[in-house]
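A.B. asks: Dropping the structure in here first, questions after.
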Amino acid sequence: MKERFPKLFFLFLYLNMKIVTWNCNGAFRNKYKSIAELNADIYIIQECENPAQTRESAYKAWASNYLWIGDLKHKGLGAFARNGIQLTSLNWPEEYENHRVKYFLPVSINNDFDLLAVWAHQNKSPTFGYIGQVWKYLQVNKDKLGKTIIAGDLNSNSRWDVWDRWWNHSDVLKILSDAAIESLYHQFYQEKQGEETMPTYFLHRKREKAYHIDYILAIQHFREKLTSLSVGTFSKWITISDHLPMVCEIDYKL
């Protein structure tokens with residue numbers, strides 16, 4: 001009996017796919033050990049360095065299985081996975097009406113399902129920054145949303161909807177809902193959009209300036225297999241980032 005329990009325990013861990021999304025607020029080479037403690041299968045990290053261009057050998061060794069995009073080598077968007085998981089970059093268009101949006105990293109996981117990593121950027125746009133970037137990206141890629149999980153920093157919340165704008169947070173959620181993609185956090189905690197009780201971002205790292213702007217969204221195939229979802233604690237994470245990690249576990253074998 002003493003010999004069987006550990007085997008069953010590790011089998012349970014293997015059957016649950018764990019995904020983490022976290023905006024590390026830069027200098028990920030000095031922070032990856034903290035997020036690695038979560039022992040996830042897949043990490044979506046915003047504002048991280050390109051492992052291929054770092055001098056930190058330990059970070060490069062940890063990031064042995066990854067995809068990364070960015071305009072600056074020290075600040076981009078990365079998808080990192082444990083060894084044995086196949087990450088394949090997908091060639092989804094990044095332009096809408098001659099405007100290149102950023103940052104979006106579509107990835108095929110084990111040729112089984114697609115994971116769209118997101119870091120919604122201002123992108124020097126006076127009108128279509130942040131959630132506007134997501135709206136534009138979906139205009140040319142919504143037909144590709146099939147067996148899909150979306151994870152990242154959307155830099156948006158329905159509280160900031162503007163009445164005469166058609167690329168609001170709620171408009172983006174409607175596009176995703178039409179593709180049967182919904183927020184795991186809101187399902188798990190039964191909270192409405194804009195009424196979240198767990199913030200994921202603290203402006204200037206101030207507790208009183210709290211917002212919920214990070215999300216993991218998925219089709220029903222994954223939502224019905226969701227076993228847990230949590231947001232990191234302020235006390236643990238605020239010293240190293242202005243964002244808290246969001247972690248989900250899905251009863252799904254990779």
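Letters for chains follow the order of the structure tokens (A, B, ...), residue numbers begin at 1 for each chain, and ligand numbers begin at 1 in the order shown.
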Contacts of Arg165 in chain A at 10 Å or less, counting only C-alpha atoms, minus same-chain residues fewer than 4 places along, as a list in words?
C.D. replies: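 The residues that qualify are Thr127, Gly132, Asp161, His169 and Asp171 of chain A.
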A.B. asks: Could you give me, as a list in words, the residues within 8 Å of Ser108 in chain A, counting only C-alpha atoms and dropping anything in the same chain fewer than 5 positions from it?
C.D. replies: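 Here the qualifying residues turn out to be Gln86, Leu87, Thr88, Ser89, Leu90, Phe113, Asp114 and Leu115 of chain A.
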A.B. asks: For Leu217 in chain A, which residue among A:Val101, A:Leu77, A:Leu254, A:Ala117 is the nearest when counting only C-alpha atoms?
C.D. replies: A:Ala117
A.B. asks: Give me the residues near range 207-216 of chain A as an MDAnalysis selection string, where near means some atom within 9 Å (using only C-alpha atoms) and where sequence neighbours in that chain fewer than 6 positions away do not count.
C.D. replies: chainID A and resid 19:23 149:157 182:185 194 196:201 234 243:248
A.B. asks: Suppose we keep N, CA and C atoms; can you now write the selection as a short mmCIF file (atom, residue, chain, number, x, y, z; two decimals), in the first residue's frame?
C.D. replies:
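The result, written out as selection.cif:
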```
data_model
loop_
_atom_site.label_atom_id
_atom_site.label_comp_id
_atom_site.auth_asym_id
_atom_site.auth_seq_id
_atom_site.Cartn_x
_atom_site.Cartn_y
_atom_site.Cartn_z
N ILE A 19 -2.11 25.14 -16.41
CA ILE A 19 -1.70 26.28 -17.23
C ILE A 19 -1.61 27.51 -16.34
N VAL A 20 -0.54 28.28 -16.51
CA VAL A 20 -0.32 29.51 -15.77
C VAL A 20 -0.16 30.66 -16.74
N THR A 21 -0.81 31.78 -16.47
CA THR A 21 -0.53 33.01 -17.20
C THR A 21 -0.09 34.07 -16.20
N TRP A 22 0.97 34.81 -16.57
CA TRP A 22 1.52 35.80 -15.63
C TRP A 22 2.29 36.87 -16.39
N ASN A 23 1.98 38.12 -16.11
CA ASN A 23 2.79 39.22 -16.59
C ASN A 23 3.88 39.45 -15.54
N ILE A 149 -7.78 27.37 -26.34
CA ILE A 149 -7.65 28.03 -25.05
C ILE A 149 -6.93 29.35 -25.30
N ILE A 150 -7.41 30.41 -24.68
CA ILE A 150 -6.78 31.73 -24.77
C ILE A 150 -6.32 32.13 -23.38
N ALA A 151 -5.09 32.59 -23.26
CA ALA A 151 -4.57 32.96 -21.94
C ALA A 151 -3.65 34.16 -22.05
N GLY A 152 -3.81 35.09 -21.12
CA GLY A 152 -2.89 36.21 -21.10
C GLY A 152 -3.42 37.46 -20.45
N ASP A 153 -2.67 38.51 -20.64
CA ASP A 153 -2.96 39.84 -20.11
C ASP A 153 -3.71 40.62 -21.19
N LEU A 154 -5.02 40.76 -21.01
CA LEU A 154 -5.83 41.49 -21.99
C LEU A 154 -5.81 42.99 -21.73
N ASN A 155 -5.28 43.40 -20.56
CA ASN A 155 -5.23 44.82 -20.22
C ASN A 155 -6.60 45.47 -20.35
N SER A 156 -7.64 44.76 -19.90
CA SER A 156 -8.99 45.26 -20.13
C SER A 156 -9.98 44.66 -19.14
N ASN A 157 -11.11 45.35 -18.99
CA ASN A 157 -12.20 44.88 -18.15
C ASN A 157 -13.47 45.55 -18.65
N GLU A 182 -15.35 30.95 -23.36
CA GLU A 182 -15.77 31.73 -22.19
C GLU A 182 -14.66 31.73 -21.14
N SER A 183 -14.76 32.66 -20.20
CA SER A 183 -13.76 32.81 -19.15
C SER A 183 -13.87 31.71 -18.10
N LEU A 184 -12.73 31.07 -17.79
CA LEU A 184 -12.72 30.03 -16.77
C LEU A 184 -12.90 30.62 -15.38
N TYR A 185 -12.31 31.78 -15.12
CA TYR A 185 -12.45 32.41 -13.81
C TYR A 185 -13.91 32.68 -13.50
N GLY A 194 -16.79 42.27 -14.89
CA GLY A 194 -16.80 43.60 -14.30
C GLY A 194 -17.08 43.61 -12.81
N GLU A 196 -15.58 41.25 -10.62
CA GLU A 196 -14.61 40.29 -10.09
C GLU A 196 -14.15 40.68 -8.68
N THR A 197 -14.05 39.70 -7.82
CA THR A 197 -13.61 39.95 -6.44
C THR A 197 -12.12 39.68 -6.25
N MET A 198 -11.47 39.10 -7.26
CA MET A 198 -10.05 38.80 -7.17
C MET A 198 -9.30 39.58 -8.25
N PRO A 199 -8.63 40.65 -7.89
CA PRO A 199 -7.85 41.41 -8.88
C PRO A 199 -6.60 40.64 -9.30
N THR A 200 -6.12 40.96 -10.49
CA THR A 200 -4.90 40.33 -11.00
C THR A 200 -3.79 41.34 -11.24
N TYR A 201 -4.12 42.63 -11.10
CA TYR A 201 -3.16 43.69 -11.41
C TYR A 201 -3.32 44.83 -10.41
N PHE A 234 -1.51 38.61 -3.10
CA PHE A 234 -0.83 39.90 -3.16
C PHE A 234 0.50 39.85 -2.41
N HIS A 243 1.53 42.25 -11.40
CA HIS A 243 0.48 41.29 -11.73
C HIS A 243 0.59 40.06 -10.83
N LEU A 244 -0.54 39.40 -10.62
CA LEU A 244 -0.58 38.12 -9.93
C LEU A 244 -0.80 37.02 -10.97
N PRO A 245 -0.20 35.87 -10.79
CA PRO A 245 -0.43 34.78 -11.75
C PRO A 245 -1.83 34.18 -11.60
N MET A 246 -2.37 33.75 -12.71
CA MET A 246 -3.62 32.99 -12.71
C MET A 246 -3.29 31.56 -13.10
N VAL A 247 -3.83 30.62 -12.35
CA VAL A 247 -3.49 29.20 -12.52
C VAL A 247 -4.77 28.39 -12.68
N CYS A 248 -4.82 27.56 -13.69
CA CYS A 248 -5.97 26.67 -13.83
C CYS A 248 -5.49 25.23 -14.01
#
```
A.B. asks: Could you give me, as a VMD selection string, the residues within 8 Å of Ala63 in chain A, counting only C-alpha atoms and dropping anything in the same chain fewer than 4 positions from it?
C.D. replies: chain A and resid 51 59 80
A.B. asks: From a DSSP pass on the backbone, collect the residues of range 82-244 of chain A flagged as strand (DSSP E) and hand them back as a PDB file with N, CA and C atoms, in the first residue's frame.
C.D. replies:
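After the write, part_31.pdb holds the following:
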```pdb
ATOM      1  N   LEU A  87       5.324  22.155 -28.932  1.00  0.00           N
ATOM      2  CA  LEU A  87       4.831  23.495 -29.236  1.00  0.00           C
ATOM      3  C   LEU A  87       5.119  23.804 -30.697  1.00  0.00           C
ATOM      4  N   THR A  88       4.079  24.101 -31.455  1.00  0.00           N
ATOM      5  CA  THR A  88       4.244  24.420 -32.872  1.00  0.00           C
ATOM      6  C   THR A  88       3.622  25.776 -33.148  1.00  0.00           C
ATOM      7  N   SER A  89       4.418  26.683 -33.662  1.00  0.00           N
ATOM      8  CA  SER A  89       3.918  28.025 -33.965  1.00  0.00           C
ATOM      9  C   SER A  89       2.919  27.973 -35.116  1.00  0.00           C
ATOM     10  N   GLU A  95      -2.193  41.306 -39.206  1.00  0.00           N
ATOM     11  CA  GLU A  95      -2.556  42.616 -39.744  1.00  0.00           C
ATOM     12  C   GLU A  95      -4.054  42.714 -39.986  1.00  0.00           C
ATOM     13  N   TYR A  96      -4.588  43.874 -39.644  1.00  0.00           N
ATOM     14  CA  TYR A  96      -5.991  44.196 -39.919  1.00  0.00           C
ATOM     15  C   TYR A  96      -6.027  45.593 -40.507  1.00  0.00           C
ATOM     16  N   HIS A  99      -2.748  47.401 -40.474  1.00  0.00           N
ATOM     17  CA  HIS A  99      -2.208  47.717 -39.144  1.00  0.00           C
ATOM     18  C   HIS A  99      -1.761  46.426 -38.478  1.00  0.00           C
ATOM     19  N   ARG A 100      -0.483  46.337 -38.117  1.00  0.00           N
ATOM     20  CA  ARG A 100       0.043  45.153 -37.435  1.00  0.00           C
ATOM     21  C   ARG A 100      -0.272  45.252 -35.948  1.00  0.00           C
ATOM     22  N   PHE A 104       0.427  38.636 -30.034  1.00  0.00           N
ATOM     23  CA  PHE A 104      -0.391  37.428 -30.067  1.00  0.00           C
ATOM     24  C   PHE A 104       0.486  36.266 -30.541  1.00  0.00           C
ATOM     25  N   LEU A 105       0.440  35.174 -29.784  1.00  0.00           N
ATOM     26  CA  LEU A 105       1.271  34.013 -30.093  1.00  0.00           C
ATOM     27  C   LEU A 105       0.393  32.766 -30.141  1.00  0.00           C
ATOM     28  N   PRO A 106      -0.088  32.396 -31.338  1.00  0.00           N
ATOM     29  CA  PRO A 106      -0.895  31.181 -31.471  1.00  0.00           C
ATOM     30  C   PRO A 106      -0.009  29.949 -31.578  1.00  0.00           C
ATOM     31  N   VAL A 107      -0.321  28.946 -30.766  1.00  0.00           N
ATOM     32  CA  VAL A 107       0.517  27.760 -30.665  1.00  0.00           C
ATOM     33  C   VAL A 107      -0.344  26.504 -30.726  1.00  0.00           C
ATOM     34  N   SER A 108       0.104  25.520 -31.462  1.00  0.00           N
ATOM     35  CA  SER A 108      -0.526  24.203 -31.438  1.00  0.00           C
ATOM     36  C   SER A 108       0.154  23.380 -30.350  1.00  0.00           C
ATOM     37  N   ILE A 109      -0.650  22.775 -29.478  1.00  0.00           N
ATOM     38  CA  ILE A 109      -0.134  21.955 -28.391  1.00  0.00           C
ATOM     39  C   ILE A 109      -0.299  20.477 -28.760  1.00  0.00           C
ATOM     40  N   PHE A 113      -4.665  20.668 -29.642  1.00  0.00           N
ATOM     41  CA  PHE A 113      -5.500  21.854 -29.497  1.00  0.00           C
ATOM     42  C   PHE A 113      -4.631  23.091 -29.656  1.00  0.00           C
ATOM     43  N   ASP A 114      -5.277  24.242 -29.828  1.00  0.00           N
ATOM     44  CA  ASP A 114      -4.557  25.496 -30.016  1.00  0.00           C
ATOM     45  C   ASP A 114      -4.594  26.322 -28.740  1.00  0.00           C
ATOM     46  N   LEU A 115      -3.490  26.966 -28.459  1.00  0.00           N
ATOM     47  CA  LEU A 115      -3.378  27.884 -27.331  1.00  0.00           C
ATOM     48  C   LEU A 115      -2.974  29.239 -27.882  1.00  0.00           C
ATOM     49  N   LEU A 116      -3.811  30.244 -27.633  1.00  0.00           N
ATOM     50  CA  LEU A 116      -3.498  31.598 -28.069  1.00  0.00           C
ATOM     51  C   LEU A 116      -3.007  32.397 -26.865  1.00  0.00           C
ATOM     52  N   ALA A 117      -1.705  32.673 -26.846  1.00  0.00           N
ATOM     53  CA  ALA A 117      -1.115  33.492 -25.788  1.00  0.00           C
ATOM     54  C   ALA A 117      -1.259  34.958 -26.175  1.00  0.00           C
ATOM     55  N   VAL A 118      -1.596  35.800 -25.181  1.00  0.00           N
ATOM     56  CA  VAL A 118      -1.903  37.202 -25.469  1.00  0.00           C
ATOM     57  C   VAL A 118      -1.206  38.127 -24.478  1.00  0.00           C
ATOM     58  N   TRP A 119      -0.639  39.195 -25.003  1.00  0.00           N
ATOM     59  CA  TRP A 119      -0.253  40.354 -24.207  1.00  0.00           C
ATOM     60  C   TRP A 119      -0.777  41.566 -24.965  1.00  0.00           C
ATOM     61  N   THR A 148      -9.790  25.574 -28.718  1.00  0.00           N
ATOM     62  CA  THR A 148      -8.856  26.642 -28.374  1.00  0.00           C
ATOM     63  C   THR A 148      -8.947  27.058 -26.911  1.00  0.00           C
ATOM     64  N   ILE A 149      -7.776  27.366 -26.343  1.00  0.00           N
ATOM     65  CA  ILE A 149      -7.647  28.030 -25.054  1.00  0.00           C
ATOM     66  C   ILE A 149      -6.935  29.351 -25.301  1.00  0.00           C
ATOM     67  N   ILE A 150      -7.407  30.413 -24.677  1.00  0.00           N
ATOM     68  CA  ILE A 150      -6.781  31.732 -24.774  1.00  0.00           C
ATOM     69  C   ILE A 150      -6.325  32.134 -23.382  1.00  0.00           C
ATOM     70  N   ALA A 151      -5.088  32.587 -23.257  1.00  0.00           N
ATOM     71  CA  ALA A 151      -4.570  32.956 -21.939  1.00  0.00           C
ATOM     72  C   ALA A 151      -3.650  34.161 -22.054  1.00  0.00           C
ATOM     73  N   GLY A 152      -3.812  35.091 -21.116  1.00  0.00           N
ATOM     74  CA  GLY A 152      -2.890  36.215 -21.101  1.00  0.00           C
ATOM     75  C   GLY A 152      -3.423  37.464 -20.447  1.00  0.00           C
ATOM     76  N   ASP A 153      -2.670  38.512 -20.642  1.00  0.00           N
ATOM     77  CA  ASP A 153      -2.964  39.840 -20.113  1.00  0.00           C
ATOM     78  C   ASP A 153      -3.711  40.618 -21.186  1.00  0.00           C
ATOM     79  N   ILE A 181     -16.230  30.270 -26.638  1.00  0.00           N
ATOM     80  CA  ILE A 181     -15.101  30.467 -25.733  1.00  0.00           C
ATOM     81  C   ILE A 181     -15.518  31.410 -24.618  1.00  0.00           C
ATOM     82  N   GLU A 182     -15.353  30.951 -23.355  1.00  0.00           N
ATOM     83  CA  GLU A 182     -15.772  31.731 -22.189  1.00  0.00           C
ATOM     84  C   GLU A 182     -14.657  31.729 -21.142  1.00  0.00           C
ATOM     85  N   SER A 183     -14.755  32.663 -20.201  1.00  0.00           N
ATOM     86  CA  SER A 183     -13.757  32.810 -19.147  1.00  0.00           C
ATOM     87  C   SER A 183     -13.867  31.709 -18.098  1.00  0.00           C
ATOM     88  N   TYR A 201      -4.122  42.630 -11.102  1.00  0.00           N
ATOM     89  CA  TYR A 201      -3.158  43.694 -11.406  1.00  0.00           C
ATOM     90  C   TYR A 201      -3.317  44.829 -10.407  1.00  0.00           C
ATOM     91  N   PHE A 202      -2.173  45.393 -10.001  1.00  0.00           N
ATOM     92  CA  PHE A 202      -2.172  46.489  -9.043  1.00  0.00           C
ATOM     93  C   PHE A 202      -1.324  47.631  -9.602  1.00  0.00           C
ATOM     94  N   ALA A 210      -6.506  48.241  -7.610  1.00  0.00           N
ATOM     95  CA  ALA A 210      -6.598  46.847  -8.029  1.00  0.00           C
ATOM     96  C   ALA A 210      -7.568  46.670  -9.193  1.00  0.00           C
ATOM     97  N   TYR A 211      -7.167  45.824 -10.157  1.00  0.00           N
ATOM     98  CA  TYR A 211      -7.989  45.579 -11.342  1.00  0.00           C
ATOM     99  C   TYR A 211      -7.873  44.114 -11.753  1.00  0.00           C
ATOM    100  N   ASP A 214      -6.378  39.995 -16.315  1.00  0.00           N
ATOM    101  CA  ASP A 214      -5.746  38.786 -16.854  1.00  0.00           C
ATOM    102  C   ASP A 214      -6.771  37.665 -16.919  1.00  0.00           C
ATOM    103  N   TYR A 215      -6.711  36.842 -17.972  1.00  0.00           N
ATOM    104  CA  TYR A 215      -7.787  35.884 -18.212  1.00  0.00           C
ATOM    105  C   TYR A 215      -7.255  34.577 -18.796  1.00  0.00           C
ATOM    106  N   ILE A 216      -8.002  33.514 -18.528  1.00  0.00           N
ATOM    107  CA  ILE A 216      -7.876  32.259 -19.259  1.00  0.00           C
ATOM    108  C   ILE A 216      -9.275  31.920 -19.752  1.00  0.00           C
ATOM    109  N   LEU A 217      -9.410  31.740 -21.042  1.00  0.00           N
ATOM    110  CA  LEU A 217     -10.705  31.458 -21.654  1.00  0.00           C
ATOM    111  C   LEU A 217     -10.595  30.185 -22.479  1.00  0.00           C
ATOM    112  N   ALA A 218     -11.692  29.452 -22.595  1.00  0.00           N
ATOM    113  CA  ALA A 218     -11.620  28.172 -23.308  1.00  0.00           C
ATOM    114  C   ALA A 218     -12.981  27.751 -23.818  1.00  0.00           C
ATOM    115  N   ILE A 219     -12.962  26.812 -24.752  1.00  0.00           N
ATOM    116  CA  ILE A 219     -14.204  26.241 -25.255  1.00  0.00           C
ATOM    117  C   ILE A 219     -14.783  25.302 -24.195  1.00  0.00           C
ATOM    118  N   LEU A 226     -12.672  21.614 -16.101  1.00  0.00           N
ATOM    119  CA  LEU A 226     -11.947  22.472 -15.176  1.00  0.00           C
ATOM    120  C   LEU A 226     -12.085  21.954 -13.747  1.00  0.00           C
ATOM    121  N   THR A 227     -10.953  21.753 -13.075  1.00  0.00           N
ATOM    122  CA  THR A 227     -10.985  21.238 -11.708  1.00  0.00           C
ATOM    123  C   THR A 227     -10.597  22.294 -10.679  1.00  0.00           C
ATOM    124  N   SER A 228      -9.793  23.283 -11.072  1.00  0.00           N
ATOM    125  CA  SER A 228      -9.441  24.344 -10.138  1.00  0.00           C
ATOM    126  C   SER A 228      -8.979  25.578 -10.894  1.00  0.00           C
ATOM    127  N   LEU A 229      -9.147  26.719 -10.246  1.00  0.00           N
ATOM    128  CA  LEU A 229      -8.632  27.980 -10.786  1.00  0.00           C
ATOM    129  C   LEU A 229      -8.313  28.886  -9.608  1.00  0.00           C
ATOM    130  N   SER A 230      -7.135  29.473  -9.633  1.00  0.00           N
ATOM    131  CA  SER A 230      -6.730  30.336  -8.531  1.00  0.00           C
ATOM    132  C   SER A 230      -5.943  31.529  -9.041  1.00  0.00           C
ATOM    133  N   VAL A 231      -5.919  32.560  -8.230  1.00  0.00           N
ATOM    134  CA  VAL A 231      -5.125  33.759  -8.494  1.00  0.00           C
ATOM    135  C   VAL A 231      -4.129  33.891  -7.352  1.00  0.00           C
TER     136      VAL A 231
END
```
A.B. asks: Looking only at alpha helix (DSSP H) from DSSP on the backbone, list the matching residues of range 33-251 of chain A as a PyMOL selection string.
C.D. replies: chain A and resi 33-36+57-62+131-141+169-178+184-189+220-223+234-237
A.B. asks: Nearest residue to Lys174 in chain A out of A:Lys142, A:Lys75, A:Arg82, A:Lys225, using only C-alpha atoms?
C.D. replies: A:Lys142
A.B. asks: Determine, counting only C-alpha atoms, which protein, DNA and RNA residues have an atom within 7 Å of an atom of Glu49 in chain A; residues of the same chain fewer than 6 positions away are not included. Present the result as a ChimeraX atom specification.
C.D. replies: /A:27-28,73-76
A.B. asks: With N, CA and C atoms retained, could you export that selection as a PDB file, in the first residue's frame?
C.D. replies:
```
ATOM      1  N   ALA A  27      12.371  41.406 -16.516  1.00  0.00           N
ATOM      2  CA  ALA A  27      13.464  40.704 -15.820  1.00  0.00           C
ATOM      3  C   ALA A  27      13.067  39.281 -15.428  1.00  0.00           C
ATOM      4  N   PHE A  28      12.443  38.566 -16.336  1.00  0.00           N
ATOM      5  CA  PHE A  28      11.977  37.214 -16.033  1.00  0.00           C
ATOM      6  C   PHE A  28      13.135  36.278 -15.698  1.00  0.00           C
ATOM      7  N   LYS A  73      14.366  42.335 -27.350  1.00  0.00           N
ATOM      8  CA  LYS A  73      14.814  41.052 -26.830  1.00  0.00           C
ATOM      9  C   LYS A  73      14.552  40.887 -25.339  1.00  0.00           C
ATOM     10  N   HIS A  74      14.393  42.004 -24.627  1.00  0.00           N
ATOM     11  CA  HIS A  74      14.212  41.922 -23.185  1.00  0.00           C
ATOM     12  C   HIS A  74      12.756  42.020 -22.741  1.00  0.00           C
ATOM     13  N   LYS A  75      11.825  42.169 -23.692  1.00  0.00           N
ATOM     14  CA  LYS A  75      10.420  42.307 -23.279  1.00  0.00           C
ATOM     15  C   LYS A  75       9.503  41.841 -24.396  1.00  0.00           C
ATOM     16  N   GLY A  76       8.984  40.625 -24.242  1.00  0.00           N
ATOM     17  CA  GLY A  76       8.078  40.073 -25.242  1.00  0.00           C
ATOM     18  C   GLY A  76       7.087  39.127 -24.606  1.00  0.00           C
TER      19      GLY A  76
END
```
A.B. asks: Can you work out the spacing between CA of Gln53 in chain A and CA of Cys24 in chain A in Å, to one decimal?
C.D. replies: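 Result for CA of Gln53 in chain A versus CA of Cys24 in chain A: 17.7 Å, one decimal.
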A.B. asks: Just checking: using only C-alpha atoms, which residue out of A:Ala58, A:Asn16, A:Asp164, A:Tyr130 ends up closest to Lys33 in chain A?
C.D. replies: A:Ala58
